[in-house]
Amino acid sequence: MRGHGRLQRVTQAIQSMSTAVQFAGVSRHYGAVKALDEVDLEVFEGEFFAMLGPSGSGKTTCLRLVAGFEQPTAGHIKIFGETAEGVPPFRRNVNTVFQDYALFPHLNVLDNVAYGLMIRGAGKAERYRSAEQALELVALPGLGKRRAGELSGGQRQRVALARALINKPRVLLLDEPLGALDLKLREQMQEELKNLHQQLGITFIFVTHDQNEALSMADRVALFNEGQVVQVGTPQDIYRRPNSRFVADFVGSSNVLPPEFVAGLGGERHWASLRPESIYLTQTGGHPARVIAASFLGGSTRLALDIDSLRIHVMLPSTAAVPVVGDEVYIDWKPADMHLMESSA
Amino acid sequence: MSSPQAVILPGRQGLLRRFADTLWRHPRLLLLLMLAPPVLWLGIIYLGSLLALLVQSFFSIDEFSGLINYDFTLKTYGELLIPANLDIILRTVSMATAVTLGAVVVAFPIAFYAARYARGKWKAAFYIGVMLPLWSSYLVKIYAWKLVLAKEGILNWLFAQLHLTWLLDAYLSLPLIGGNSLSVSYTGTFLVFLYVWLPFMILPLQASLERVPGNLLEASADLGGSPRQTFRHVVMPLALPGVIAGSIFTFSLTLGDYIIPQIIGSSRLFIGQAVYSHQGTAGNIPLAAAFAVVPIVIMGFYLWMAKRAGAFDAL
């Protein structure tokens, strides 16, 4: 298939890049709690890598292991080929944008941004010049004299970004940096972060629990669940070919079809995923279903249908005629859109 | 069919309840009622007596009759500047400074541990450990220290057991801080002051360190700060309000105390003792008042300096 060939080329191109961060069998246990359990992971140089998962899935622990705030209880971490275990954070050329920004309250914006240079012993003039440049980079010039407490959430976010970039890190870690912003600002920052990534060409590792954010921004996504990496791939990969029920459900709330149902349709006895937007209403043939609920979402309408006591969601374009609750409808989908999953988890 | 419930319930009956409802409708009245007693207390009894003290310090005493002359004059303040009195002030301020610095050095690790690492029962143990000395009588503690520091005391015995008596003797032979034994030296006074005021340094320091979010320390390390640099550029500035709060206690308590230097030390006067003797046996109330104003002025000046140095910027 043509699409498949292109994917292969992309994968080959990615693999020819050097590895920025490598996890080999890395675990981080707290007593009996396995925050991270035998994770293997490779982040390539220059890529925008998203770690996606529900809270407590181990994605933040993973990030903190790269930053050096935590040490693995087992396994090996390499950053640009160098062993990172036992190396304190201040000896890693890796910088972090913290979830709640962690700006120094006793310093003004300029001193916050210049902190990394001050630590390295740069002179006042030099570090303020660089800090001004960094603030320009994040579209926040001229606010240097303000205190962190006087800024809005979005501005703090940018200051945190400028502060993390001033040391010219080879890997930038972002720990749910957009979580505290409102929707509009978040979308704007997503775009700016992507532009920044292209402009700087350094590796971004981005932790989020928001699947839209991960899918729209990242080159590749690692999906975490219960301390393990469930699937790694391009956003398209993860979305179209989830390898497990968890992935199908977490990314875009896909319909998960049980093996009996799939077998009843004449397929293999396998769990399968079917995207709500892949399903369409039809007059001729198809499968009979009853409408349980309909919610108008603006650009589309989401139907909840009952089909053989199975609840299925369908996303209708806003142009389609919308049935009302209780209606009998017929639905169908292209066989290729139903994706059989390897794992039943 | 049951009748629908009323949306607005009828007003409550009874004088007290109606009064409570009135207070709810007029929050300012409630505030006034709650604040009036403490404000009256602070204003009349506390500040009033302080004012009376201030006024007294502008009177003078007639040297022949020993009677108080009620004309306003700066003569009494002039008397503070004679060498003997100036010595007392200098001695007290130096001691208060030393005690405060000593308290910061001793309290910091304890407060840091309690704020950053102690959890659950260790935290409870910390609070009890710090507060426990405050539960026993101040005088008992001081006399206990006198015995500990005395020539026949346990400290001397300990030094003897460790064959370090020569070290103690060498220390005691030093000018100013030495003496016949620890219990009659400035070092002894310093140690006991440090002991009794230490909780007043630890607690505010711990409170201020507790408010330093852990991720600020991580952010500093992330940006290349070694633990020493993080301490200097993040922990210290953010703990400064706590240090200042603690030092206000240790400094002013040392400035005003008249019992510890009387029981332990070189028997040279401190400000508190001067106030005590002037208003008592000597009957020189104006001079006692003038002496009492000195710590107030020093503390005011100290706070002004601290504010100018930006100590409260992180608040």
# chains A, B, ... in the order shown; residues from 1 in each chain; ligands from 1
call {"tool": "select_by_dssp", "arguments": {"residues": "range 10-208 of chain A", "states": "helix (DSSP H, G or I)", "output": "JSON, numbers by chain"}}
result
{"A": [10, 11, 12, 13, 14, 15, 16, 59, 60, 61, 62, 63, 64, 65, 66, 67, 89, 90, 91, 109, 110, 111, 112, 113, 114, 115, 116, 117, 118, 119, 124, 125, 126, 127, 128, 129, 130, 131, 132, 133, 134, 135, 136, 137, 148, 149, 150, 153, 154, 155, 156, 157, 158, 159, 160, 161, 162, 163, 164, 165, 183, 184, 185, 186, 187, 188, 189, 190, 191, 192, 193, 194, 195, 196, 197, 198, 199, 200]}
call {"tool": "interface_residues", "arguments": {"of": "chain A", "to": "chain B", "cutoff": "6 Å", "atoms": "only C-alpha atoms", "output": "VMD selection string"}}
result
chain A and resid 89 to 90 95 102 106 116 119
call {"tool": "residues_around", "arguments": {"residues": "range 143-151 of chain B", "least_positions_apart": "4", "cutoff": "9 Å", "atoms": "only C-alpha atoms", "output": "list in words"}}
result
Tyr138, Leu139, Leu155, Asn156, Trp157, Asn180, Ser181, Leu182, Ser183, Val184, Gly188, Leu191, Val192, Ile263 and Ile264 of chain B
call {"tool": "residues_around", "arguments": {"residues": "Ile296 in chain B", "least_positions_apart": "2", "cutoff": "12 Å", "atoms": "only C-alpha atoms", "output": "short mmCIF file (atom, residue, chain, number, x, y, z; two decimals) with C-alpha atoms, in the first residue's frame"}}
result
data_model
loop_
_atom_site.label_atom_id
_atom_site.label_comp_id
_atom_site.auth_asym_id
_atom_site.auth_seq_id
_atom_site.Cartn_x
_atom_site.Cartn_y
_atom_site.Cartn_z
CA LEU B 50 4.20 52.30 76.55
CA LEU B 51 3.33 55.95 75.97
CA LEU B 53 6.91 55.06 79.73
CA LEU B 54 8.01 57.25 76.86
CA ILE B 248 13.02 39.91 66.36
CA PHE B 251 17.11 39.99 69.72
CA SER B 252 14.42 41.81 71.66
CA LEU B 253 14.09 39.10 74.30
CA LEU B 255 17.78 43.05 74.98
CA GLY B 256 15.12 43.06 77.69
CA ILE B 271 19.96 46.91 80.01
CA ALA B 289 12.40 54.66 81.28
CA ALA B 290 15.14 56.06 79.06
CA PHE B 291 16.97 52.71 79.27
CA ALA B 292 13.74 50.92 78.39
CA VAL B 293 13.32 53.09 75.30
CA VAL B 294 16.72 51.96 73.96
CA ILE B 298 17.06 49.59 68.32
CA MET B 299 14.29 47.22 67.21
CA GLY B 300 12.60 49.95 65.17
CA PHE B 301 15.88 50.72 63.47
CA TYR B 302 16.53 47.02 62.90
CA LEU B 303 13.16 46.46 61.24
#
call {"tool": "residues_around", "arguments": {"residues": "Ala214 in chain A", "least_positions_apart": "3", "cutoff": "8 Å", "atoms": "only C-alpha atoms", "output": "list in words"}}
result
Ala50, Met51, Leu52, Thr208, Asp210, Gln211, Met217, Ala218, Val221 and Pro235 of chain A
call {"tool": "closest_residue", "arguments": {"among": "A:Met341, A:Gly25, A:Thr61, A:Tyr115", "to": "Arg269 in chain A", "atoms": "only C-alpha atoms"}}
result
A:Met341
call {"tool": "atom_distance", "arguments": {"atom1": "CA of Tyr70 in chain B", "atom2": "CA of Phe58 in chain B"}}
result
8.3 Å
call {"tool": "residues_around", "arguments": {"residues": "Pro175 in chain B", "least_positions_apart": "5", "cutoff": "12 Å", "atoms": "only C-alpha atoms", "output": "list in words"}}
result
Ala170, Asn180, Ser185, Tyr186 and Thr187 of chain B
call {"tool": "write_last_selection", "arguments": {"atoms": "N, CA and C atoms", "output": "compact mmCIF listing (two decimals), in the first residue's frame"}}
result
# COMPACT_ATOMS: atom_id res chain seq x y z
N ALA B 170 42.08 26.60 78.33
CA ALA B 170 42.62 27.52 77.33
C ALA B 170 41.52 28.48 76.87
N ASN B 180 36.47 32.77 85.15
CA ASN B 180 36.87 31.75 86.13
C ASN B 180 36.27 30.39 85.80
N SER B 185 31.14 33.43 82.96
CA SER B 185 31.72 34.07 81.78
C SER B 185 30.60 34.53 80.84
N TYR B 186 30.94 35.43 79.91
CA TYR B 186 29.98 35.84 78.89
C TYR B 186 29.55 34.65 78.04
N THR B 187 30.50 33.71 77.85
CA THR B 187 30.15 32.51 77.09
C THR B 187 28.97 31.78 77.73
call {"tool": "residues_around", "arguments": {"residues": "range 73-84 of chain B", "least_positions_apart": "3", "cutoff": "12 Å", "atoms": "only C-alpha atoms", "output": "MDAnalysis selection string"}}
result
chainID B and resid 54:63 68:70 87:91 268:271 274:275 284:294
call {"tool": "write_last_selection", "arguments": {"atoms": "N, CA and C atoms", "output": "compact mmCIF listing (two decimals), in the first residue's frame"}}
result
# COMPACT_ATOMS: atom_id res chain seq x y z
N LEU B 54 7.30 56.31 77.71
CA LEU B 54 8.01 57.25 76.86
C LEU B 54 8.02 58.64 77.49
N VAL B 55 6.86 59.03 78.03
CA VAL B 55 6.75 60.35 78.65
C VAL B 55 7.69 60.45 79.86
N GLN B 56 7.72 59.40 80.67
CA GLN B 56 8.58 59.39 81.86
C GLN B 56 10.04 59.64 81.50
N SER B 57 10.43 59.10 80.31
CA SER B 57 11.84 59.18 79.97
C SER B 57 12.27 60.61 79.68
N PHE B 58 11.27 61.51 79.48
CA PHE B 58 11.62 62.91 79.23
C PHE B 58 11.62 63.74 80.52
N PHE B 59 11.29 63.11 81.64
CA PHE B 59 11.44 63.79 82.92
C PHE B 59 12.88 63.61 83.38
N SER B 60 13.23 64.26 84.49
CA SER B 60 14.58 64.07 85.02
C SER B 60 14.50 63.97 86.53
N ILE B 61 15.61 63.59 87.12
CA ILE B 61 15.60 63.45 88.58
C ILE B 61 16.50 64.51 89.19
N ASP B 62 16.05 65.09 90.28
CA ASP B 62 16.85 66.08 90.98
C ASP B 62 17.89 65.34 91.82
N GLU B 63 19.19 65.61 91.54
CA GLU B 63 20.23 64.79 92.17
C GLU B 63 20.31 64.97 93.68
N ILE B 68 11.45 63.58 91.39
CA ILE B 68 11.33 63.67 89.94
C ILE B 68 10.90 65.07 89.54
N ASN B 69 11.63 65.63 88.58
CA ASN B 69 11.33 66.93 88.05
C ASN B 69 10.49 66.74 86.79
N TYR B 70 9.25 67.25 86.80
CA TYR B 70 8.32 66.93 85.71
C TYR B 70 8.43 67.84 84.50
N ASP B 87 28.40 51.61 78.10
CA ASP B 87 28.94 50.25 78.22
C ASP B 87 27.82 49.23 78.32
N ILE B 88 26.85 49.55 79.18
CA ILE B 88 25.72 48.62 79.39
C ILE B 88 24.99 48.38 78.09
N ILE B 89 24.72 49.49 77.37
CA ILE B 89 23.98 49.36 76.11
C ILE B 89 24.78 48.54 75.11
N LEU B 90 26.07 48.87 74.97
CA LEU B 90 26.92 48.15 74.01
C LEU B 90 27.00 46.67 74.35
N ARG B 91 27.17 46.39 75.65
CA ARG B 91 27.29 45.00 76.10
C ARG B 91 26.01 44.24 75.73
N ARG B 268 28.35 41.82 85.28
CA ARG B 268 28.28 43.19 84.75
C ARG B 268 26.86 43.40 84.23
N LEU B 269 26.39 44.68 84.31
CA LEU B 269 24.97 44.94 84.05
C LEU B 269 24.59 44.85 82.57
N PHE B 270 23.37 44.40 82.32
CA PHE B 270 22.72 44.47 81.02
C PHE B 270 21.58 45.49 81.13
N ILE B 271 20.99 45.87 79.99
CA ILE B 271 19.96 46.91 80.01
C ILE B 271 18.83 46.57 80.97
N ALA B 274 19.77 47.19 84.43
CA ALA B 274 19.86 48.63 84.69
C ALA B 274 18.47 49.20 84.94
N VAL B 275 17.51 48.80 84.11
CA VAL B 275 16.14 49.26 84.30
C VAL B 275 15.64 48.83 85.67
N ASN B 284 15.21 55.97 90.32
CA ASN B 284 15.39 56.88 89.19
C ASN B 284 14.53 56.42 88.02
N ILE B 285 13.21 56.65 88.14
CA ILE B 285 12.28 56.20 87.11
C ILE B 285 12.61 56.78 85.74
N PRO B 286 12.91 58.08 85.62
CA PRO B 286 13.21 58.62 84.28
C PRO B 286 14.35 57.88 83.59
N LEU B 287 15.45 57.60 84.30
CA LEU B 287 16.57 56.92 83.68
C LEU B 287 16.18 55.49 83.31
N ALA B 288 15.42 54.84 84.21
CA ALA B 288 14.93 53.49 83.89
C ALA B 288 14.11 53.52 82.60
N ALA B 289 13.24 54.55 82.48
CA ALA B 289 12.40 54.66 81.28
C ALA B 289 13.25 54.90 80.06
N ALA B 290 14.26 55.76 80.20
CA ALA B 290 15.14 56.06 79.06
C ALA B 290 15.86 54.79 78.62
N PHE B 291 16.33 54.00 79.59
CA PHE B 291 16.97 52.71 79.27
C PHE B 291 16.00 51.80 78.52
N ALA B 292 14.74 51.81 78.99
CA ALA B 292 13.74 50.92 78.39
C ALA B 292 13.41 51.34 76.96
N VAL B 293 13.61 52.63 76.65
CA VAL B 293 13.32 53.09 75.30
C VAL B 293 14.39 52.59 74.32
N VAL B 294 15.61 52.36 74.84
CA VAL B 294 16.72 51.96 73.96
C VAL B 294 16.39 50.72 73.12
call {"tool": "select_by_dssp", "arguments": {"residues": "range 41-262 of chain A", "states": "strand (DSSP E or B)", "output": "PDB file with C-alpha atoms, in the first residue's frame"}}
result
ATOM      1  CA  LEU A  41      11.873   3.957  25.467  1.00  0.00           C
ATOM      2  CA  GLU A  42      13.848   5.866  22.895  1.00  0.00           C
ATOM      3  CA  VAL A  43      13.512   9.567  22.160  1.00  0.00           C
ATOM      4  CA  PHE A  44      15.345  10.767  19.057  1.00  0.00           C
ATOM      5  CA  PHE A  48       8.794  16.475  19.659  1.00  0.00           C
ATOM      6  CA  PHE A  49       7.985  13.542  21.884  1.00  0.00           C
ATOM      7  CA  ALA A  50       4.805  13.419  23.932  1.00  0.00           C
ATOM      8  CA  MET A  51       4.253  11.246  26.994  1.00  0.00           C
ATOM      9  CA  LEU A  52       0.542  10.747  27.285  1.00  0.00           C
ATOM     10  CA  ALA A  74      16.431  -0.479  38.245  1.00  0.00           C
ATOM     11  CA  GLY A  75      17.471  -0.136  34.621  1.00  0.00           C
ATOM     12  CA  HIS A  76      19.594   2.344  32.738  1.00  0.00           C
ATOM     13  CA  ILE A  77      18.992   5.808  31.377  1.00  0.00           C
ATOM     14  CA  LYS A  78      21.226   7.301  28.722  1.00  0.00           C
ATOM     15  CA  ILE A  79      21.116  10.902  27.590  1.00  0.00           C
ATOM     16  CA  GLU A  82      25.977   9.071  28.412  1.00  0.00           C
ATOM     17  CA  THR A  83      24.876   7.209  31.509  1.00  0.00           C
ATOM     18  CA  VAL A  94      18.478  19.246  30.252  1.00  0.00           C
ATOM     19  CA  ASN A  95      16.007  21.884  31.377  1.00  0.00           C
ATOM     20  CA  THR A  96      12.463  21.695  32.612  1.00  0.00           C
ATOM     21  CA  VAL A  97       9.319  23.781  32.305  1.00  0.00           C
ATOM     22  CA  ASN A 108      11.775  39.738  39.025  1.00  0.00           C
ATOM     23  CA  ARG A 147       7.548  40.157  39.768  1.00  0.00           C
ATOM     24  CA  VAL A 171      16.556  18.377  25.710  1.00  0.00           C
ATOM     25  CA  LEU A 172      13.657  20.498  26.927  1.00  0.00           C
ATOM     26  CA  LEU A 173      11.256  18.795  29.315  1.00  0.00           C
ATOM     27  CA  LEU A 174       7.740  20.157  29.610  1.00  0.00           C
ATOM     28  CA  ASP A 175       5.617  18.856  32.462  1.00  0.00           C
ATOM     29  CA  THR A 203      14.430  17.703  21.502  1.00  0.00           C
ATOM     30  CA  PHE A 204      11.159  18.408  23.302  1.00  0.00           C
ATOM     31  CA  ILE A 205       9.697  15.887  25.722  1.00  0.00           C
ATOM     32  CA  PHE A 206       6.190  16.896  26.580  1.00  0.00           C
ATOM     33  CA  VAL A 207       4.095  15.325  29.329  1.00  0.00           C
ATOM     34  CA  THR A 208       0.331  15.666  29.123  1.00  0.00           C
ATOM     35  CA  ARG A 220       5.653  10.641  18.282  1.00  0.00           C
ATOM     36  CA  VAL A 221       3.570   9.730  21.289  1.00  0.00           C
ATOM     37  CA  ALA A 222       4.222   7.243  24.084  1.00  0.00           C
ATOM     38  CA  LEU A 223       1.077   6.154  25.844  1.00  0.00           C
ATOM     39  CA  PHE A 224       1.489   5.323  29.540  1.00  0.00           C
ATOM     40  CA  ASN A 225      -0.741   3.248  31.749  1.00  0.00           C
ATOM     41  CA  GLN A 228       4.179   1.014  31.718  1.00  0.00           C
ATOM     42  CA  VAL A 229       4.462   2.206  28.159  1.00  0.00           C
ATOM     43  CA  VAL A 230       1.516   0.678  26.318  1.00  0.00           C
ATOM     44  CA  GLN A 231       2.186   1.953  22.819  1.00  0.00           C
ATOM     45  CA  VAL A 232       4.671   4.206  21.056  1.00  0.00           C
ATOM     46  CA  GLY A 233       4.066   5.629  17.635  1.00  0.00           C
ATOM     47  CA  ASN A 255     -15.688   2.223  20.254  1.00  0.00           C
ATOM     48  CA  VAL A 256     -14.214  -0.979  21.609  1.00  0.00           C
ATOM     49  CA  LEU A 257     -15.882  -4.046  20.137  1.00  0.00           C
TER      50      LEU A 257
END
